[in-house]
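**Q** What follows is the file model-v7.txt, containing compact mmCIF, C-alpha atoms and all ligand atoms:
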```txt
# COMPACT_ATOMS: atom_id res chain seq x y z
CA MET A 1 0.00 0.00 0.00
CA THR A 2 1.25 3.49 -0.73
CA GLN A 3 1.28 6.10 2.02
CA GLN A 4 -1.60 7.84 0.25
CA GLU A 5 -3.71 4.66 0.23
CA ARG A 6 -2.96 4.00 3.88
CA LEU A 7 -4.02 7.48 4.85
CA ALA A 8 -7.21 7.27 2.82
CA GLU A 9 -8.07 3.95 4.48
CA ALA A 10 -7.36 5.29 7.98
CA MET A 11 -9.54 8.34 7.31
CA ARG A 12 -12.35 6.18 5.97
CA LEU A 13 -12.17 3.99 9.09
CA LEU A 14 -12.00 7.01 11.38
CA GLY A 15 -15.15 8.36 9.74
CA ASP A 16 -16.92 5.08 10.46
CA LEU A 17 -15.67 4.98 14.08
CA VAL A 18 -16.69 8.57 14.81
CA ALA A 19 -20.18 7.82 13.48
CA PHE A 20 -20.72 5.43 16.42
CA PRO A 21 -21.63 7.74 19.33
CA SER A 22 -19.91 5.49 21.86
CA VAL A 23 -20.19 7.75 24.89
CA SER A 24 -19.01 5.72 27.89
CA VAL A 25 -22.37 5.45 29.69
CA ASP A 26 -24.13 4.28 26.51
CA GLY A 27 -21.57 1.56 25.82
CA ASN A 28 -19.25 0.74 22.93
CA ARG A 29 -20.82 -2.53 21.78
CA GLU A 30 -21.62 -1.43 18.24
CA VAL A 31 -18.24 0.14 17.55
CA SER A 32 -16.51 -2.96 19.01
CA LYS A 33 -18.56 -5.24 16.77
CA TYR A 34 -17.63 -3.13 13.77
CA LEU A 35 -13.91 -3.34 14.65
CA GLU A 36 -14.24 -7.07 15.17
CA ARG A 37 -15.59 -7.47 11.61
CA CYS A 38 -12.76 -5.34 10.18
CA LEU A 39 -10.07 -7.27 12.05
CA ARG A 40 -11.56 -10.68 11.22
CA GLY A 41 -11.48 -9.60 7.58
CA ALA A 42 -7.75 -9.03 8.01
CA GLY A 43 -7.34 -12.54 9.44
CA ALA A 44 -6.93 -11.64 13.13
CA ARG A 45 -7.61 -14.15 15.91
CA ILE A 46 -10.06 -12.48 18.27
CA TRP A 47 -11.67 -12.77 21.65
CA THR A 48 -14.14 -10.35 23.14
CA GLU A 49 -15.54 -9.96 26.61
CA ALA A 50 -18.62 -8.03 27.71
CA ASP A 51 -19.30 -6.24 30.97
CA ALA A 52 -22.21 -7.31 33.19
CA THR A 53 -24.71 -5.19 31.22
CA GLY A 54 -23.65 -6.56 27.84
CA THR A 55 -23.52 -3.02 26.40
CA LYS A 56 -19.74 -2.75 26.70
CA LEU A 57 -17.20 -4.93 24.92
CA ASN A 58 -13.46 -5.39 25.13
CA LEU A 59 -11.84 -6.63 21.95
CA PHE A 60 -8.48 -8.42 21.82
CA ALA A 61 -7.16 -9.31 18.37
CA THR A 62 -3.91 -11.02 17.45
CA ILE A 63 -2.10 -11.05 14.12
CA GLY A 64 1.09 -12.98 13.42
CA PRO A 65 2.59 -16.19 14.79
CA ASP A 66 0.99 -18.06 17.66
CA ALA A 67 4.02 -17.32 19.83
CA PRO A 68 4.70 -15.69 23.18
CA GLY A 69 5.82 -12.08 23.42
CA GLY A 70 4.99 -9.49 20.82
CA VAL A 71 3.54 -6.03 21.21
CA ILE A 72 0.16 -4.78 22.39
CA LEU A 73 -1.30 -1.70 20.74
CA SER A 74 -3.90 -0.46 23.19
CA GLY A 75 -6.71 2.04 22.85
CA HIS A 76 -10.22 2.72 24.09
CA THR A 77 -13.30 3.10 21.94
CA ASP A 78 -15.50 5.01 24.38
CA VAL A 79 -15.67 8.79 24.19
CA VAL A 80 -16.73 11.61 26.51
CA PRO A 81 -20.18 13.20 26.08
CA VAL A 82 -20.90 16.14 23.79
CA ALA A 83 -23.96 17.40 25.67
CA ASP A 84 -23.86 21.16 26.37
CA GLN A 85 -20.76 21.66 24.25
CA PRO A 86 -20.90 24.29 21.49
CA TRP A 87 -19.78 22.27 18.45
CA SER A 88 -19.58 24.01 15.10
CA THR A 89 -19.87 20.67 13.25
CA ASP A 90 -21.84 17.49 13.95
CA PRO A 91 -19.60 15.75 16.51
CA PHE A 92 -20.52 12.32 15.13
CA THR A 93 -19.78 13.13 11.49
CA LEU A 94 -16.10 13.26 10.61
CA THR A 95 -15.47 16.65 9.02
CA GLU A 96 -12.26 17.54 7.22
CA ARG A 97 -11.24 21.19 7.24
CA ALA A 98 -7.85 22.83 6.69
CA GLY A 99 -5.79 19.72 7.39
CA ARG A 100 -7.79 18.75 10.46
CA LEU A 101 -10.30 15.99 11.08
CA TYR A 102 -13.07 17.14 13.40
CA GLY A 103 -15.29 14.84 15.42
CA ARG A 104 -15.78 13.42 18.92
CA GLY A 105 -13.03 10.93 19.68
CA THR A 106 -10.79 11.87 16.73
CA CYS A 107 -7.79 12.54 18.99
CA ASP A 108 -9.02 10.69 22.11
CA MET A 109 -8.61 8.14 20.69
CA LYS A 110 -10.32 6.71 17.67
CA GLY A 111 -7.63 8.15 15.38
CA PHE A 112 -5.09 5.74 16.85
CA VAL A 113 -7.56 2.85 16.64
CA ALA A 114 -8.33 3.68 12.99
CA ALA A 115 -4.60 3.77 12.18
CA CYS A 116 -4.07 0.34 13.80
CA VAL A 117 -6.98 -1.22 11.94
CA ALA A 118 -5.96 0.39 8.65
CA MET A 119 -2.56 -1.28 9.05
CA ALA A 120 -3.99 -4.66 10.09
CA PRO A 121 -3.85 -6.13 6.55
CA GLU A 122 -0.20 -5.08 6.30
CA PHE A 123 0.58 -6.67 9.67
CA ALA A 124 -1.13 -9.81 8.34
CA ARG A 125 0.88 -9.89 5.09
CA ALA A 126 4.18 -9.29 6.90
CA ASP A 127 6.48 -12.05 8.07
CA LEU A 128 6.18 -11.15 11.76
CA GLN A 129 8.49 -13.06 14.11
CA VAL A 130 6.27 -12.26 17.11
CA PRO A 131 2.59 -11.32 17.18
CA VAL A 132 0.99 -7.91 17.34
CA HIS A 133 -2.10 -7.58 19.55
CA PHE A 134 -4.79 -4.95 19.39
CA ALA A 135 -6.49 -4.26 22.74
CA PHE A 136 -9.52 -2.01 22.33
CA THR A 137 -11.37 -1.41 25.58
CA TYR A 138 -14.49 0.23 27.03
CA ASP A 139 -15.02 2.80 29.80
CA GLU A 140 -11.56 4.35 29.82
CA GLU A 141 -13.10 7.78 30.27
CA ILE A 142 -14.95 6.85 33.44
CA GLY A 143 -12.23 4.88 35.20
CA CYS A 144 -10.45 2.44 32.86
CA PHE A 145 -12.91 -0.31 33.79
CA GLY A 146 -12.55 -2.07 30.44
CA ALA A 147 -8.76 -2.15 30.67
CA GLN A 148 -9.04 -3.46 34.25
CA ALA A 149 -11.12 -6.40 33.02
CA LEU A 150 -8.88 -6.94 30.00
CA THR A 151 -5.63 -7.00 31.97
CA ALA A 152 -7.21 -9.48 34.40
CA SER A 153 -8.14 -11.65 31.39
CA LEU A 154 -4.59 -11.49 30.04
CA VAL A 155 -3.34 -12.85 33.36
CA ALA A 156 -6.03 -15.55 33.42
CA ARG A 157 -5.13 -16.60 29.86
CA GLY A 158 -1.43 -16.63 30.64
CA LEU A 159 -0.73 -13.97 28.00
CA ARG A 160 2.19 -11.67 28.63
CA PRO A 161 3.29 -9.75 25.56
CA ALA A 162 6.72 -8.12 25.79
CA ALA A 163 5.55 -4.52 25.51
CA ALA A 164 2.44 -2.34 25.36
CA ILE A 165 2.07 0.93 23.49
CA ILE A 166 -0.95 2.97 24.55
CA GLY A 167 -2.01 5.36 21.80
CA GLU A 168 -3.42 8.18 23.93
CA PRO A 169 -2.71 11.57 22.35
CA THR A 170 0.90 12.68 22.94
CA MET A 171 1.59 14.21 19.48
CA MET A 172 3.44 10.94 18.81
CA GLN A 173 5.92 11.83 21.55
CA LEU A 174 7.22 9.11 23.85
CA VAL A 175 5.76 9.21 27.37
CA ASP A 176 6.80 6.78 30.07
CA GLY A 177 5.16 8.04 33.23
CA HIS A 178 2.10 9.55 34.87
CA LYS A 179 0.71 9.62 38.37
CA GLY A 180 -2.18 7.43 39.38
CA CYS A 181 -5.61 8.96 39.88
CA PHE A 182 -7.68 7.40 42.65
CA GLU A 183 -11.08 8.89 43.42
CA TYR A 184 -13.31 8.05 46.34
CA THR A 185 -16.53 9.01 48.07
CA THR A 186 -16.67 8.46 51.81
CA TRP A 187 -20.13 8.24 53.40
CA ILE A 188 -20.52 8.90 57.11
CA THR A 189 -23.71 7.69 58.76
CA GLY A 190 -24.42 9.04 62.23
CA ARG A 191 -27.57 9.54 64.26
CA GLU A 192 -29.71 12.66 64.11
CA GLY A 193 -30.87 14.44 67.22
CA HIS A 194 -31.48 17.83 68.82
CA GLY A 195 -28.48 20.10 68.86
CA SER A 196 -28.96 20.71 72.57
CA ALA A 197 -28.16 17.07 73.38
CA PRO A 198 -24.99 16.14 71.48
CA ASP A 199 -24.43 12.98 73.52
CA LEU A 200 -27.66 11.44 72.26
CA GLY A 201 -26.65 11.66 68.60
CA VAL A 202 -23.70 10.74 66.40
CA ASN A 203 -22.56 13.85 64.59
CA ALA A 204 -21.70 12.77 61.04
CA VAL A 205 -20.19 16.16 60.17
CA GLU A 206 -17.82 15.98 63.14
CA TYR A 207 -16.65 12.53 62.10
CA GLY A 208 -16.32 13.82 58.55
CA ALA A 209 -14.09 16.59 59.86
CA LEU A 210 -11.89 14.03 61.64
CA PHE A 211 -11.66 12.04 58.43
CA ILE A 212 -10.57 15.14 56.51
CA LEU A 213 -8.01 16.05 59.17
CA LYS A 214 -6.56 12.59 58.68
CA LEU A 215 -6.40 13.14 54.91
CA VAL A 216 -4.51 16.39 55.48
CA GLU A 217 -2.11 14.68 57.89
CA LEU A 218 -1.52 11.86 55.40
CA ARG A 219 -0.87 14.38 52.65
CA ALA A 220 1.99 15.81 54.72
CA ARG A 221 3.33 12.31 55.39
CA LEU A 222 3.26 11.49 51.65
CA LYS A 223 5.43 14.52 50.97
CA GLU A 224 8.05 13.11 53.32
CA MET A 225 7.73 9.67 51.73
CA ALA A 226 8.51 10.96 48.21
CA PRO A 227 10.94 8.71 46.36
CA ALA A 228 14.30 10.26 45.50
CA ASP A 229 14.47 11.76 42.00
CA CYS A 230 10.71 11.57 41.60
CA PRO A 231 10.14 12.99 38.09
CA PHE A 232 6.62 14.32 38.64
CA ASP A 233 5.38 17.80 39.43
CA PRO A 234 4.89 18.08 42.36
CA PRO A 235 7.44 15.32 43.08
CA HIS A 236 5.34 13.37 45.57
CA SER A 237 1.90 11.83 45.97
CA THR A 238 -0.95 14.23 46.73
CA ILE A 239 -4.38 14.11 48.37
CA ASN A 240 -7.25 16.51 47.81
CA PRO A 241 -10.47 16.58 49.84
CA GLY A 242 -12.76 18.01 47.16
CA VAL A 243 -16.31 18.06 48.51
CA LEU A 244 -17.74 17.96 52.02
CA THR A 245 -21.49 17.99 52.53
CA GLY A 246 -23.71 17.21 55.48
CA GLY A 247 -26.22 18.53 57.96
CA GLN A 248 -29.40 20.60 57.71
CA ALA A 249 -29.66 23.28 60.39
CA HIS A 250 -27.86 25.01 63.26
CA ASN A 251 -29.74 23.07 65.92
CA VAL A 252 -29.84 19.58 64.40
CA ILE A 253 -27.18 16.91 64.89
CA PRO A 254 -26.32 15.88 61.34
CA GLY A 255 -26.99 12.24 60.58
CA LYS A 256 -25.18 12.11 57.27
CA ALA A 257 -22.03 13.51 55.70
CA ARG A 258 -20.25 12.87 52.44
CA ILE A 259 -16.68 13.54 51.38
CA ASP A 260 -15.47 13.34 47.79
CA TRP A 261 -11.70 13.10 47.70
CA GLU A 262 -8.84 11.94 45.52
CA MET A 263 -5.23 10.94 45.72
CA ARG A 264 -2.62 10.95 42.98
CA PRO A 265 0.04 8.44 43.94
CA VAL A 266 3.51 8.51 42.42
CA GLN A 267 4.03 4.91 43.54
CA ALA A 268 1.58 2.11 44.29
CA SER A 269 2.89 1.70 47.85
CA ASP A 270 1.72 5.24 48.72
CA ALA A 271 -1.87 4.35 47.88
CA ASP A 272 -1.62 1.19 49.99
CA PHE A 273 -0.25 3.25 52.86
CA VAL A 274 -3.10 5.76 52.72
CA LYS A 275 -5.72 3.02 52.57
CA ALA A 276 -4.23 1.19 55.55
CA GLU A 277 -4.05 4.39 57.62
CA LEU A 278 -7.66 5.27 56.84
CA ALA A 279 -8.84 1.77 57.63
CA GLN A 280 -7.14 2.10 60.99
CA LEU A 281 -8.80 5.46 61.63
CA VAL A 282 -12.21 4.01 60.86
CA GLU A 283 -11.53 1.09 63.18
CA THR A 284 -10.73 3.55 65.94
CA LEU A 285 -13.81 5.74 65.39
CA LEU A 286 -16.49 3.12 64.81
CA PRO A 287 -16.73 1.73 68.38
CA GLU A 288 -17.55 5.14 69.91
CA MET A 289 -20.03 5.91 67.12
CA ARG A 290 -21.70 2.53 67.46
CA ALA A 291 -21.91 2.82 71.25
CA VAL A 292 -24.60 5.44 70.55
CA ASP A 293 -26.07 3.91 67.40
CA PRO A 294 -25.14 0.41 66.17
CA ALA A 295 -26.07 1.46 62.61
CA ALA A 296 -23.45 4.23 62.52
CA ASP A 297 -20.89 3.73 59.79
CA ILE A 298 -18.01 5.13 57.76
CA ARG A 299 -17.90 3.60 54.32
CA THR A 300 -15.63 4.47 51.42
CA GLU A 301 -16.71 3.79 47.88
CA ILE A 302 -14.19 3.56 45.05
CA VAL A 303 -15.20 5.87 42.21
CA ALA A 304 -12.16 5.01 40.09
CA GLU A 305 -8.63 3.78 40.66
CA VAL A 306 -6.52 4.48 37.60
CA ALA A 307 -3.07 3.10 38.36
CA GLY A 308 -0.08 5.31 37.69
CA LEU A 309 2.57 4.55 35.10
CA GLU A 310 5.80 4.48 37.07
CA ARG A 311 8.96 5.55 35.33
CA VAL A 312 11.18 2.52 35.68
CA HIS A 313 14.86 1.98 35.03
CA GLN A 314 14.34 -0.74 32.45
CA ASN A 315 11.44 -0.46 30.05
CA ARG A 316 11.39 -2.58 26.91
CA ALA A 317 8.44 -0.65 25.50
CA ARG A 318 10.41 2.58 25.89
CA ASP A 319 13.43 1.04 24.13
CA LEU A 320 11.17 -0.07 21.29
CA VAL A 321 9.54 3.34 20.80
CA VAL A 322 12.92 5.09 21.01
CA GLU A 323 14.08 2.78 18.24
CA LEU A 324 10.98 3.49 16.10
CA THR A 325 10.76 7.26 16.62
CA GLY A 326 14.31 8.32 17.37
CA ALA A 327 12.95 10.03 20.49
CA ASN A 328 15.69 11.18 22.80
CA ALA A 329 14.15 12.01 26.18
CA PRO A 330 10.86 10.44 27.24
CA GLY A 331 8.25 12.79 28.72
CA LEU A 332 5.56 12.69 31.36
CA VAL A 333 1.89 13.56 31.10
CA PRO A 334 -0.46 14.98 33.73
CA PHE A 335 -3.40 12.73 32.75
CA GLY A 336 -4.15 9.10 33.57
CA THR A 337 -4.25 6.26 31.02
CA GLU A 338 -4.58 2.47 30.81
CA ALA A 339 -0.76 2.18 30.74
CA GLY A 340 -0.40 1.67 34.50
CA LEU A 341 -2.73 -1.34 34.36
CA PHE A 342 -0.54 -3.10 31.80
CA GLN A 343 2.56 -2.22 33.80
CA ALA A 344 0.91 -3.61 36.94
CA ILE A 345 0.64 -7.07 35.32
CA GLY A 346 4.28 -7.01 34.32
CA ILE A 347 4.06 -5.70 30.75
CA PRO A 348 6.49 -2.83 30.06
CA SER A 349 4.36 0.07 28.82
CA VAL A 350 4.59 3.53 27.30
CA ILE A 351 2.22 6.05 25.79
CA CYS A 352 2.64 7.29 22.23
CA GLY A 353 -0.26 8.35 20.06
CA PRO A 354 -1.46 10.88 17.51
CA GLY A 355 -3.07 14.21 18.35
CA SER A 356 -2.91 16.53 21.30
CA ILE A 357 -4.55 16.14 24.69
CA ALA A 358 -5.29 19.88 24.39
CA GLN A 359 -8.09 18.97 21.97
CA ALA A 360 -9.45 16.03 23.96
CA HIS A 361 -12.84 16.27 25.66
CA LYS A 362 -13.45 19.70 24.07
CA PRO A 363 -16.00 20.94 21.56
CA ASP A 364 -14.60 20.82 18.01
CA GLU A 365 -12.16 18.08 19.01
CA TYR A 366 -9.87 17.39 16.07
CA LEU A 367 -6.91 15.37 14.88
CA GLU A 368 -4.42 16.82 12.46
CA ILE A 369 -4.09 14.71 9.32
CA GLU A 370 -0.33 15.06 9.66
CA GLN A 371 -0.56 13.32 13.06
CA LEU A 372 -2.48 10.43 11.56
CA GLU A 373 0.22 10.14 8.87
CA GLN A 374 2.93 10.09 11.53
CA CYS A 375 1.09 7.34 13.39
CA LEU A 376 0.77 5.25 10.20
CA GLY A 377 4.49 5.69 9.56
CA PHE A 378 5.21 4.60 13.11
CA LEU A 379 3.10 1.45 12.70
CA SER A 380 4.75 0.69 9.40
CA ARG A 381 8.18 0.86 11.09
CA LEU A 382 6.81 -1.38 13.85
CA ILE A 383 5.96 -3.98 11.20
CA GLY A 384 9.53 -3.86 9.93
CA ARG A 385 10.82 -4.20 13.49
CA LEU A 386 8.65 -7.24 14.27
CA GLU A 387 9.78 -8.86 11.01
CA ARG A 388 13.36 -8.64 12.23
CA GLY A 389 12.70 -10.45 15.52
CA PRO A 390 11.32 -10.29 19.06
CA VAL A 391 11.43 -7.01 20.97
ZN ZN B 401 -8.33 8.65 26.10
```
Just give me the structure as structure tokens.
**A**
Amino acid sequence: MTQQERLAEAMRLLGDLVAFPSVSVDGNREVSKYLERCLRGAGARIWTEADATGTKLNLFATIGPDAPGGVILSGHTDVVPVADQPWSTDPFTLTERAGRLYGRGTCDMKGFVAACVAMAPEFARADLQVPVHFAFTYDEEIGCFGAQALTASLVARGLRPAAAIIGEPTMMQLVDGHKGCFEYTTWITGREGHGSAPDLGVNAVEYGALFILKLVELRARLKEMAPADCPFDPPHSTINPGVLTGGQAHNVIPGKARIDWEMRPVQASDADFVKAELAQLVETLLPEMRAVDPAADIRTEIVAEVAGLERVHQNRARDLVVELTGANAPGLVPFGTEAGLFQAIGIPSVICGPGSIAQAHKPDEYLEIEQLEQCLGFLSRLIGRLERGPV
């Protein structure tokens, strides 16, 4: 295929992908089914897995020898909503204008997916020494739930490719690290009563305040626990109590309180530390709360836990992308991706994909055609690399 033909094919596919309005909450089933048909046509071996509702599908496709190792190209096919955004084009119709391709998901990240699928027939015709795998997941935008299920399935199936490249938008720059993003809601259940008799109630707001004080204390401890040469800004894990609600009136003991909070760990052990400390706090507080009302409770719900991508000394995926792009220094990004999940199951991972995160999630999201071309060139060099031998 000539470069021109490749580009035309990738743009045609991107148009089809954008036309599926696969907003996370509505599911990505239809777009996954479409990709499955395309990849089967190219001769890929495929398995899919649905979530409990059946509206969301992970797709895992393999091309090349039935051998261990190889490279995963990972992307998500869900997109963020367009409601209340002032678009100047139809977000679900790919529109080309002045070298840019407009549409929801063009840069985040159906452009990368379209490039992979456009190259699938070339991967299939090549004499690959190790396989290439396409991992296209659901629900990245609301907590990487698809990638969590998919990485668990890789472990269960005993699959451990040698490297994973996540095609989130980095302008095709090499990125080998980001913090984790863990979000929680903590519910405090007390016992209501008259404000004049505090001992007869369990003041949920007071216990909420104690919980927040602990978060603030832990934040200071995390600063001290920062690893040496931590590359992130700021160079340590952080905690933010974001929302505190509870209570109704001056003279009523509040029976309920709610805290929305997050932490951004630079290393997995920091998150474990925070969780253990909070569990201990709750264990200390519950007996006195329950002495007044046995139904009193402090319960923390996980909203999302997107694992960080830790910059590690040895990273085979980084070596591979350096080789393919000539990148000199890898960068960091301030947003979370699926990369940390692959790293957590022992697969060296990096991020490198077309388009800019500056356009993601915005009205008039676009991908520059030049970025799509760069991505196709990158994949074509990857084919050559996998023909030469294992990574
Ligand atoms: Zn994304």
**Q** List all protein, DNA and RNA residues that have at least one atom no more than 6 Å from any atom of ligand ZN 401 (chain B), counting only C-alpha atoms and all ligand atoms, and write them as a PyMOL selection string.
**A** chain A and resi 108-109+168
**Q** Enter the distance from CA of Gly201 (chain A) to CA of Val292 (chain A), in Å, rounded to one decimal.
**A**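 Here the two named atoms are 6.8 Å from each other.
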**Q** Find the spatial neighbours of region 280-291 of chain A, counting all atoms listed in the file, within a cut-off of 10 Å - ignore same-chain residues fewer than 2 positions away - and output them as a PyMOL selection string.
**A** chain A and resi 189-191+201-204+207+210-211+214+274-278+293-299
**Q** Would you mind listing what lies within 8 Å of Gly242 (chain A) as a list in words, with only C-alpha atoms counted and same-chain residues fewer than 6 positions away left out?
**A**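 Result of the neighbour search: Ile259, Asp260, Trp261 and Glu262 of chain A.
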**Q** Between A:Pro121, A:Pro265, A:Pro231, A:Pro363, which residue has the minimum interatomic distance to Asp176 (chain A), considering all atoms listed in the file?
**A**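 Smallest distance to Asp176 (chain A) is found for A:Pro231.
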**Q** What does the distance between CA of Asp90 (chain A) and CA of Pro21 (chain A) come to in Å, to one decimal place?
**A**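 These atoms are spaced 11.1 Å apart.
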**Q** Taking into account all atoms listed in the file, which residue in the set A:Ala304, A:Ile345, A:Ala115, A:Ile188 is nearest to Ala8 (chain A)?
**A**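 Residue with the minimum atom-to-atom distance to Ala8 (chain A): A:Ala115.
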**Q** At what distance in Å, to one decimal, does CA of Ser356 (chain A) lie from CA of Gly105 (chain A)?
**A**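 Computing it gives 11.7 Å between the two atoms.
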**Q** Can I get the residues of region 251-366 of chain A within 9 Å of region 70-79 of chain A, each with the closest pair of atoms and their distance in Å to one decimal, using only C-alpha atoms, sorted chain first then ascending number, as a Markdown table?
**A**
```
| residue | atom | partner | partner_atom | distance |
| --- | --- | --- | --- | --- |
| A:Ala317 | CA | A:Val71 | CA | 8.4 |
| A:Glu338 | CA | A:Ser74 | CA | 8.2 |
| A:Ala339 | CA | A:Ser74 | CA | 8.6 |
| A:His361 | CA | A:Val79 | CA | 8.1 |
```
**Q** Go ahead and save the residues from that selection, with C-alpha atoms, as an mmCIF file, keeping the file's coordinate frame.
**A**
```cif
data_model
loop_
_atom_site.group_PDB
_atom_site.id
_atom_site.type_symbol
_atom_site.label_atom_id
_atom_site.label_comp_id
_atom_site.auth_asym_id
_atom_site.auth_seq_id
_atom_site.Cartn_x
_atom_site.Cartn_y
_atom_site.Cartn_z
ATOM 1 C CA ALA A 317 8.440 -0.650 25.500
ATOM 2 C CA GLU A 338 -4.580 2.470 30.810
ATOM 3 C CA ALA A 339 -0.760 2.180 30.740
ATOM 4 C CA HIS A 361 -12.840 16.270 25.660
#
```
**Q** Using only C-alpha atoms, which of the listed residues (A:Thr137, A:Ser196, A:Asn58, A:Gln371) sits closest to Met171 (chain A)?
**A** A:Gln371
**Q** Which residue gives the smallest distance to Val333 (chain A) among A:Arg311, A:His250, A:Lys33, A:Arg221, with all atoms listed in the file counted?
**A** A:Arg311
**Q** Of the residues A:Asp364, A:Met225, A:Gly346, A:Gly331, which is the one nearest to Trp87 (chain A), using all atoms listed in the file?
**A** A:Asp364
**Q** Which is closest to Phe182 (chain A) among A:Leu367, A:Gly158, A:Ala268, A:Glu122, if we use only C-alpha atoms?
**A**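 Distance minimum relative to Phe182 (chain A) lands on A:Ala268.
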**Q** Within 12 Å of (1.0, 12.4, 19.1), in the coordinates the file gives, what residues turn up when you count only C-alpha atoms, written out as a PyMOL selection string?
**A** chain A and resi 107-109+111-112+166-175+325+351-359+367-376+378
**Q** As lines of an AutoDock Vina configuration file, please report the centre and edge lengths, rounded to one decimal in Å, of the axis-aligned box that holds all listed atoms of region 49-52 of chain A with 8 Å of padding on each of the six sides.
**A**
```
center_x = -18.9
center_y = -8.1
center_z = 29.9
size_x = 22.7
size_y = 19.7
size_z = 22.6
```
**Q** Using only C-alpha atoms, which protein or nucleic acid residues come within 10 Å of Ala344 (chain A)? Drop anything in the same chain fewer than 6 positions from it, and give the result as a list of chain:residue names.
**A**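 The filter keeps A:Thr151, A:Ala268, A:Ala307, A:Gly308, A:Leu309, A:Glu310.
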